[in-house]
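Undergrad: This one is query_31.txt, compact mmCIF, C-alpha atoms.
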# COMPACT_ATOMS: atom_id res chain seq x y z
CA MET A 1 98.61 114.60 76.14
CA LEU A 2 100.49 117.79 75.22
CA THR A 3 100.82 116.46 71.67
CA ASN A 4 97.04 116.25 71.25
CA ARG A 5 96.58 119.81 72.50
CA LEU A 6 99.31 121.01 70.17
CA ILE A 7 97.55 119.35 67.23
CA ASP A 8 94.25 120.97 68.27
CA ASN A 9 95.87 124.41 68.34
CA VAL A 10 97.57 123.91 64.95
CA ILE A 11 94.21 122.97 63.39
CA LEU A 12 92.50 126.06 64.81
CA MET A 13 95.41 128.31 63.81
CA MET A 14 95.43 127.03 60.23
CA LEU A 15 91.69 127.46 59.79
CA ALA A 16 91.82 130.95 61.27
CA ALA A 17 94.76 131.84 59.02
CA VAL A 18 92.62 130.98 55.98
CA MET A 19 90.31 133.83 56.93
CA VAL A 20 92.83 136.41 58.03
CA PHE A 21 95.05 136.14 54.95
CA GLN A 22 92.16 137.03 52.66
CA GLU A 23 93.00 140.65 53.37
CA THR A 24 95.05 142.71 50.91
CA ASP A 25 97.24 144.25 53.59
CA MET A 26 99.49 141.56 55.04
CA VAL A 27 101.13 143.49 57.92
CA GLU A 28 98.31 143.29 60.44
CA PRO A 29 97.41 139.63 59.60
CA VAL A 30 101.03 138.51 60.02
CA LEU A 31 101.31 140.41 63.32
CA ALA A 32 98.03 138.87 64.48
CA LEU A 33 99.28 135.42 63.53
CA LEU A 34 102.53 135.86 65.47
CA ILE A 35 100.71 137.14 68.55
CA SER A 36 98.25 134.23 68.32
CA VAL A 37 101.08 131.71 68.05
CA ILE A 38 102.70 133.18 71.16
CA GLY A 39 99.38 133.18 73.03
CA ALA A 40 98.65 129.57 71.98
CA ALA A 41 102.13 128.43 73.09
CA LEU A 42 101.68 130.13 76.46
CA GLY A 43 98.22 128.58 76.79
CA LEU A 44 99.66 125.10 76.23
CA TYR A 45 102.18 125.36 79.06
CA ILE A 46 100.18 127.42 81.57
CA SER A 47 98.44 125.22 84.12
CA ASP A 48 97.63 127.83 86.76
CA ARG A 49 94.06 129.07 86.39
CA ARG A 50 94.89 132.63 87.35
CA LEU A 51 97.61 132.91 84.73
CA ALA A 52 95.27 131.37 82.16
CA ALA A 53 92.62 133.99 82.98
CA ALA A 54 95.22 136.75 82.69
CA LEU A 55 96.27 135.39 79.28
CA GLY A 56 92.68 135.45 78.05
CA ALA A 57 92.16 139.00 79.31
CA GLY A 58 95.39 140.11 77.66
CA PHE A 59 94.33 138.56 74.39
CA ALA A 60 90.99 140.36 74.60
CA VAL A 61 92.80 143.69 75.09
CA GLY A 62 94.95 142.82 72.06
CA CYS A 63 91.81 142.26 69.99
CA VAL A 64 90.70 145.83 70.77
CA LEU A 65 94.08 147.22 69.71
CA LEU A 66 94.50 144.87 66.72
CA PRO A 67 91.09 143.78 65.31
CA GLU A 68 92.72 141.07 63.16
CA LEU A 69 93.34 139.12 66.39
CA ILE A 70 89.59 138.51 66.61
CA ILE A 71 89.93 135.92 63.83
CA PHE A 72 92.24 133.88 66.13
CA MET A 73 89.99 134.21 69.19
CA PRO A 74 88.73 130.58 68.78
CA VAL A 75 92.24 129.54 69.83
CA MET A 76 91.74 131.43 73.11
CA PHE A 77 88.26 129.94 73.43
CA TYR A 78 89.99 126.55 73.31
CA HIS A 79 92.16 127.42 76.31
CA MET A 80 89.25 129.04 78.18
CA ALA A 81 87.24 125.83 77.74
CA ARG A 82 90.24 123.82 78.90
CA HIS A 83 90.19 125.62 82.25
CA LYS A 84 86.36 125.71 82.38
CA PHE A 85 86.29 129.52 82.02
CA TRP A 86 82.87 129.60 80.39
CA TRP A 87 82.50 133.21 81.44
CA GLY A 88 85.60 134.02 79.41
CA ILE A 89 83.99 132.52 76.30
CA ALA A 90 80.79 134.46 76.96
CA CYS A 91 82.76 137.68 77.30
CA GLY A 92 84.57 136.96 74.03
CA LEU A 93 81.47 136.41 71.92
CA PRO A 94 80.56 140.16 71.74
CA PHE A 95 83.79 140.69 69.78
CA LEU A 96 81.85 139.15 66.90
CA ALA A 97 80.29 142.60 66.46
CA LEU A 98 83.66 143.91 65.31
CA LEU A 99 83.37 141.55 62.33
CA GLY A 100 80.11 143.12 61.24
CA ASP A 101 81.57 144.35 57.94
CA ALA A 102 83.12 140.98 57.19
CA ARG A 103 81.75 138.59 54.64
CA PRO A 104 79.04 136.19 55.90
CA TRP A 105 81.18 133.13 55.22
CA LYS A 106 83.90 134.55 57.50
CA ILE A 107 81.41 135.14 60.29
CA ALA A 108 80.01 131.62 59.88
CA LEU A 109 83.52 130.14 59.82
CA TRP A 110 84.49 132.14 62.94
CA ILE A 111 81.45 130.81 64.81
CA GLY A 112 82.21 127.31 63.60
CA LEU A 113 85.85 127.61 64.71
CA SER A 114 84.75 128.84 68.14
CA CYS A 115 82.46 125.85 68.57
CA LEU A 116 85.18 123.54 67.25
CA GLY A 117 87.68 124.97 69.75
CA VAL A 118 85.32 124.26 72.67
CA ILE A 119 84.57 120.76 71.37
CA LEU A 120 88.25 119.94 70.89
CA ALA A 121 89.10 121.23 74.37
CA GLU A 122 86.38 119.09 75.94
CA ARG A 123 87.35 116.02 73.90
CA THR A 124 91.05 116.33 74.73
CA GLY A 125 90.26 117.06 78.40
CA LYS A 126 88.20 113.89 78.68
CA ALA A 127 90.94 111.94 76.91
CA GLU A 128 93.46 113.28 79.44
CA GLN A 129 91.23 112.27 82.34
CA LEU A 130 90.81 108.78 80.92
CA THR A 131 94.55 108.48 80.41
CA GLU A 132 95.29 109.64 83.96
CA GLU A 133 92.68 107.23 85.31
CA MET A 134 94.17 104.42 83.26
CA ILE A 135 97.65 105.22 84.58
CA ARG A 136 96.33 105.39 88.14
CA VAL A 137 94.52 102.06 87.76
CA ARG A 138 97.61 100.50 86.17
CA ASP A 139 99.86 101.76 88.98
CA SER A 140 97.39 100.59 91.61
CA SER A 141 97.14 97.21 89.92
CA THR A 142 100.92 96.91 89.73
CA GLU A 143 101.29 97.88 93.37
CA LEU A 144 98.58 95.41 94.37
CA ASN A 145 100.21 92.63 92.34
CA LEU A 146 103.56 93.32 93.98
CA ALA A 147 101.93 93.30 97.43
CA LEU A 148 100.13 90.03 96.65
CA ARG A 149 103.34 88.53 95.31
CA GLU A 150 105.20 89.46 98.50
CA LYS A 151 102.37 88.12 100.62
CA ASN A 152 102.29 84.86 98.67
CA LYS A 153 106.05 84.58 99.01
CA SER A 154 105.78 85.15 102.76
CA LEU A 155 102.99 82.58 103.05
CA MET A 156 105.00 80.03 101.05
CA GLU A 157 108.06 80.61 103.21
CA LYS A 158 105.93 80.24 106.33
CA GLN A 159 104.37 77.07 104.94
CA ASP A 160 107.78 75.64 104.05
CA TYR A 161 109.04 76.44 107.54
CA GLU A 162 106.02 74.78 109.14
CA ILE A 163 106.57 71.70 106.98
CA TYR A 164 110.22 71.74 107.98
CA LEU A 165 109.29 71.92 111.68
CA ALA A 166 106.75 69.13 111.24
CA THR A 167 109.42 67.00 109.57
CA LEU A 168 111.82 67.62 112.43
CA LYS A 169 109.17 66.75 115.00
CA GLU A 170 108.39 63.52 113.16
CA ARG A 171 112.08 62.61 113.08
CA ASN A 172 112.30 63.30 116.78
CA ARG A 173 109.24 61.13 117.43
CA ILE A 174 110.68 58.27 115.39
CA ALA A 175 113.96 58.55 117.28
CA ARG A 176 112.11 58.36 120.61
CA GLU A 177 110.07 55.37 119.43
CA ILE A 178 113.18 53.51 118.36
CA HIS A 179 114.98 54.38 121.59
CA ASP A 180 112.10 53.51 123.89
CA ASN A 181 110.86 50.37 122.15
CA VAL A 182 113.44 48.72 119.92
CA GLY A 183 116.38 49.88 122.04
CA HIS A 184 114.89 48.51 125.23
CA MET A 185 113.99 45.22 123.56
CA LEU A 186 117.53 44.82 122.25
CA SER A 187 118.93 45.68 125.68
CA ARG A 188 116.75 43.00 127.26
CA SER A 189 117.78 40.49 124.60
CA ILE A 190 121.46 41.28 125.19
CA LEU A 191 121.01 40.71 128.92
CA GLN A 192 119.16 37.47 128.34
CA VAL A 193 121.77 36.14 125.91
CA GLY A 194 124.52 37.20 128.33
CA ALA A 195 122.81 35.27 131.11
CA LEU A 196 122.50 32.20 128.87
CA CYS A 197 126.18 32.43 127.99
CA THR A 198 127.00 32.41 131.70
CA VAL A 199 124.80 29.39 132.39
CA TYR A 200 125.65 27.24 129.37
CA LYS A 201 129.38 26.78 128.96
CA GLU A 202 129.22 23.74 126.71
CA GLU A 203 130.28 23.94 123.11
CA PRO A 204 129.09 24.54 120.47
CA LEU A 205 126.15 26.24 122.26
CA HIS A 206 128.38 28.67 124.14
CA GLY A 207 130.13 29.86 120.95
CA GLN A 208 126.83 30.30 119.17
CA MET A 209 125.45 32.28 122.08
CA ASP A 210 128.55 34.53 122.02
CA SER A 211 128.02 35.10 118.30
CA ILE A 212 124.38 36.04 118.89
CA ASN A 213 125.43 38.37 121.71
CA GLU A 214 127.99 40.05 119.46
CA THR A 215 125.38 40.50 116.71
CA LEU A 216 122.91 42.01 119.17
CA ASN A 217 125.56 44.43 120.42
CA LEU A 218 126.36 45.50 116.87
CA ALA A 219 122.65 46.02 116.22
CA MET A 220 122.35 48.00 119.44
CA ASN A 221 125.26 50.26 118.49
CA SER A 222 123.83 50.76 115.01
CA ILE A 223 120.43 51.70 116.38
CA ARG A 224 122.01 54.02 118.96
CA GLU A 225 123.93 55.85 116.22
CA SER A 226 120.82 56.09 114.03
CA VAL A 227 118.77 57.45 116.92
CA HIS A 228 121.43 60.04 117.69
CA ASP A 229 121.58 61.08 114.04
CA LEU A 230 117.80 61.40 113.84
CA HIS A 231 117.69 63.37 117.05
CA ASP A 232 120.50 65.69 115.97
CA ASP A 233 118.91 66.33 112.58
CA SER A 234 115.56 67.06 114.24
CA ILE A 235 116.94 70.08 116.07
CA ASP A 236 115.73 73.38 114.59
CA LEU A 237 118.41 75.97 115.30
CA LYS A 238 116.12 78.98 115.09
CA GLN A 239 113.53 77.44 117.38
CA ALA A 240 116.23 76.36 119.83
CA ILE A 241 117.66 79.91 119.95
CA LEU A 242 114.20 81.38 120.53
CA GLU A 243 113.54 78.89 123.32
CA ALA A 244 116.92 79.63 124.92
CA THR A 245 116.15 83.35 125.00
CA GLY A 246 112.39 83.16 125.58
CA ALA A 247 112.67 82.88 129.37
CA MET A 248 114.49 86.23 129.49
CA ALA A 249 112.02 88.12 127.32
CA GLU A 250 110.12 89.47 130.34
CA LYS A 251 113.14 91.28 131.84
CA TYR A 252 115.28 91.95 128.76
CA ARG A 253 114.74 93.36 125.29
CA ILE A 254 116.02 90.54 123.11
CA HIS A 255 116.30 90.85 119.35
CA VAL A 256 117.13 87.76 117.29
CA ASP A 257 118.15 88.28 113.66
CA TYR A 258 118.25 84.84 112.02
CA ASP A 259 119.37 84.29 108.43
CA MET A 260 120.55 80.70 107.99
CA SER A 261 119.50 77.79 105.81
CA ALA A 262 118.10 74.47 106.99
CA GLY A 263 121.31 72.62 106.20
CA VAL A 264 123.43 73.78 109.13
CA PRO A 265 125.63 70.91 110.42
CA ARG A 266 124.60 69.57 113.81
CA ASN A 267 127.99 70.30 115.41
CA VAL A 268 127.61 73.96 114.41
CA LYS A 269 124.04 73.92 115.77
CA TYR A 270 125.18 72.60 119.15
CA CYS A 271 128.05 75.09 119.26
CA PHE A 272 125.75 78.06 118.62
CA ILE A 273 123.02 76.84 120.96
CA THR A 274 125.38 76.26 123.88
CA THR A 275 127.11 79.59 123.21
CA VAL A 276 123.81 81.48 123.28
CA LYS A 277 122.74 79.74 126.48
CA GLU A 278 126.06 80.49 128.15
CA ALA A 279 125.94 84.12 126.98
CA MET A 280 122.41 84.55 128.35
CA SER A 281 123.54 83.09 131.66
CA ASN A 282 126.46 85.54 131.79
CA VAL A 283 124.14 88.48 131.09
CA VAL A 284 121.96 87.50 134.03
CA LYS A 285 124.87 86.88 136.39
CA HIS A 286 127.43 89.54 135.51
CA SER A 287 125.84 92.32 133.44
CA ASP A 288 123.51 95.25 134.05
CA ALA A 289 122.30 95.17 130.46
CA ASP A 290 118.63 95.36 129.54
CA ARG A 291 119.01 94.69 125.80
CA VAL A 292 120.64 91.76 124.00
CA GLU A 293 121.05 91.46 120.25
CA ILE A 294 121.73 88.05 118.67
CA ILE A 295 122.62 87.79 114.99
CA LEU A 296 123.06 84.49 113.14
CA ARG A 297 124.26 84.72 109.53
CA GLU A 298 125.15 82.16 106.90
CA HIS A 299 127.60 83.24 104.22
CA PRO A 300 128.85 81.29 101.19
CA GLY A 301 131.96 80.17 103.04
CA PHE A 302 131.22 80.37 106.76
CA TYR A 303 128.68 80.70 109.59
CA GLN A 304 128.63 83.66 111.97
CA LEU A 305 127.17 84.29 115.41
CA SER A 306 127.22 87.65 117.15
CA ILE A 307 125.91 88.29 120.67
CA GLU A 308 126.03 91.83 122.05
CA ASP A 309 124.47 93.53 125.07
CA ASN A 310 124.34 97.14 126.23
CA GLY A 311 125.80 96.56 129.67
CA THR A 312 128.09 99.12 131.27
CA ILE A 313 129.91 96.82 133.71
CA GLN A 314 133.19 95.77 132.15
CA PRO A 315 134.39 92.28 133.14
CA ALA A 316 137.36 92.25 135.50
CA SER A 317 139.21 89.87 133.18
CA GLU A 318 138.36 88.25 129.89
CA GLY A 319 138.88 84.58 129.12
CA ASP A 320 139.21 83.33 132.70
CA GLY A 321 135.66 82.10 133.13
CA ILE A 322 134.76 78.46 132.62
CA GLY A 323 131.88 79.40 130.32
CA LEU A 324 134.06 81.45 127.97
CA SER A 325 136.74 78.75 128.00
CA ASN A 326 134.16 76.15 126.98
CA MET A 327 132.98 78.43 124.17
CA LYS A 328 136.49 78.80 122.82
CA GLU A 329 137.11 75.06 122.98
CA ARG A 330 133.93 74.27 121.03
CA VAL A 331 134.69 76.88 118.37
CA GLU A 332 138.32 75.86 117.99
CA ALA A 333 137.25 72.22 117.67
CA LEU A 334 135.28 73.28 114.58
CA GLN A 335 138.30 75.21 113.21
CA GLY A 336 136.50 78.47 113.87
CA THR A 337 137.49 81.77 115.46
CA ILE A 338 135.99 83.56 118.43
CA ARG A 339 136.49 87.12 119.61
CA VAL A 340 135.33 88.35 122.99
CA GLY A 341 135.51 92.00 123.93
CA PHE A 342 133.89 94.94 125.65
CA GLU A 343 133.04 98.11 123.71
CA GLU A 344 129.82 99.88 124.65
CA GLY A 345 128.66 96.50 125.89
CA PHE A 346 129.96 92.95 126.05
CA ARG A 347 130.25 91.20 122.69
CA ILE A 348 130.94 87.66 121.47
CA PHE A 349 131.68 87.13 117.79
CA ILE A 350 132.09 83.62 116.32
CA SER A 351 132.96 82.65 112.77
CA ILE A 352 133.07 79.00 111.64
CA ARG A 353 134.16 77.96 108.18
CA LYS A 354 132.02 75.52 106.22
CA LYS A 355 133.35 72.01 105.62
CA SER A 356 133.92 72.60 101.92
CA ASP A 357 136.28 75.45 102.81
CA MET A 358 138.15 73.58 105.52
CA GLU A 359 141.59 72.21 104.85
Written as structure tokens, that's how I'd like the structure from this file.

TA:
Amino acid sequence: MLTNRLIDNVILMMLAAVMVFQETDMVEPVLALLISVIGAALGLYISDRRLAAALGAGFAVGCVLLPELIIFMPVMFYHMARHKFWWGIACGLPFLALLGDARPWKIALWIGLSCLGVILAERTGKAEQLTEEMIRVRDSSTELNLALREKNKSLMEKQDYEIYLATLKERNRIAREIHDNVGHMLSRSILQVGALCTVYKEEPLHGQMDSINETLNLAMNSIRESVHDLHDDSIDLKQAILEATGAMAEKYRIHVDYDMSAGVPRNVKYCFITTVKEAMSNVVKHSDADRVEIILREHPGFYQLSIEDNGTIQPASEGDGIGLSNMKERVEALQGTIRVGFEEGFRIFISIRKKSDME
């Protein structure tokens, strides 16, 4: 809003200059104009009320020393009104007496300029307040929209995760139903057909019974593979990690940082789950740690698992334990790498390449 105040001051200065340059002697009017320009410029940039009051007082002293400055006093009235120094305007009005020998139209114009200066200051001040309020409302609205957007994003992610969990539970239920019902019925049928094959040796009945038995066995194997696939796909890695560490939450400070997609292969899931369980067991058995940090990350080309505690007891030897050997075998079977070490705590770091990057 500095531009609006500058325009206001230029208008007042031009109107005051019309009066002051009616004089025959041009030295004092020019000097008064220069001083007024300097005072107006200072008034535009001064925001401290005490400095503004000092500027007004200084201008009043200048009016006593240089009476031509009185013509430009409406400019100072503008800045007094800007800072709500109504007493300053009241103290400046008596200077009108120094214009007693001036023409009536000059006195009327001076009074009109003084009123115009106050009106312009009030108008511009209200415009500034409205602009600041508009900016504040706009910023608040933007901040609120961003917060709502983040909240909606969080709710959608939570909803998607709940749907994902519900889908996994339904797959697990279907797998159990197939295993408990259809699987048992096929097993009974296989036993019954096997018994019939033993009793009836005559052909062609015996050959037909063998064919039926073979078909039932193929169906049984197919169902068994389907059930295993459904069960493996129904495992939620994040939930399994939280369950594996949940029992230790009362005695240990456990932090799980999970950042992986839903499409993690089941062999990687089993590898990470068994590794976390084995690591938690080792913490309980061999470490004096009270904090465990587990980080699971998915990168464009590989999966990573990091398990680190703050224990101070260094293992007597690394790699000799059955648990660590099993970890290494699982990771190497997936063409991954594993590093085990002790540095300000025991640490296990696993990296497994994705299938698309495997040779």

Undergrad: Find the distance between CA of Ile295 (chain A) and CA of Asn152 (chain A) and write it in Å to one decimal.

TA: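 Result for CA of Ile295 (chain A) versus CA of Asn152 (chain A): 26.2 Å, one decimal.
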
Undergrad: Within 6 Å of region 73-93 of chain A, which residues of region 106-220 of chain A come that close, and what is the closest atom pair and distance in Å for each? Count only C-alpha atoms and give it as a Markdown table.

TA:
| residue | atom | partner | partner_atom | distance |
| --- | --- | --- | --- | --- |
| A:Leu113 | CA | A:Pro74 | CA | 5.8 |
| A:Ser114 | CA | A:Pro74 | CA | 4.4 |
| A:Gly117 | CA | A:Tyr78 | CA | 4.5 |
| A:Val118 | CA | A:Tyr78 | CA | 5.2 |
| A:Ala121 | CA | A:Arg82 | CA | 5.3 |

Undergrad: Record the distance separating CA of Gly336 (chain A) and CA of Tyr303 (chain A), expressed in Å with one decimal.

TA: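 Computed distance, CA of Gly336 (chain A) to CA of Tyr303 (chain A), equals 9.2 Å.
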
Undergrad: One number please: CA of Gly43 (chain A) to CA of Thr124 (chain A), in Å, one decimal.

TA: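 Computed distance, CA of Gly43 (chain A) to CA of Thr124 (chain A), equals 14.3 Å.
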
Undergrad: Check the smallest atom-to-atom distance from each of A:Leu191, A:Ala289, A:Ala247, A:Leu116 to Gly311 (chain A) using all atoms listed in the file, then report the winner.

TA: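 Smallest distance to Gly311 (chain A) is found for A:Ala289.
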
Undergrad: With all atoms listed in the file as the atoms that count, which of A:Ile46, A:Ala32, A:Ile71, A:Ala41 lies nearest to Ala16 (chain A)?

TA: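 Of A:Ile46, A:Ala32, A:Ile71, A:Ala41, the one nearest Ala16 (chain A), counting all atoms listed in the file, is A:Ile71.
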
Undergrad: Rank nothing, just name the residue among A:Leu216, A:Lys285, A:Glu308, A:Ala279 nearest to Asn326 (chain A), using all atoms listed in the file.

TA: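 Selected residue with least distance to Asn326 (chain A): A:Ala279.
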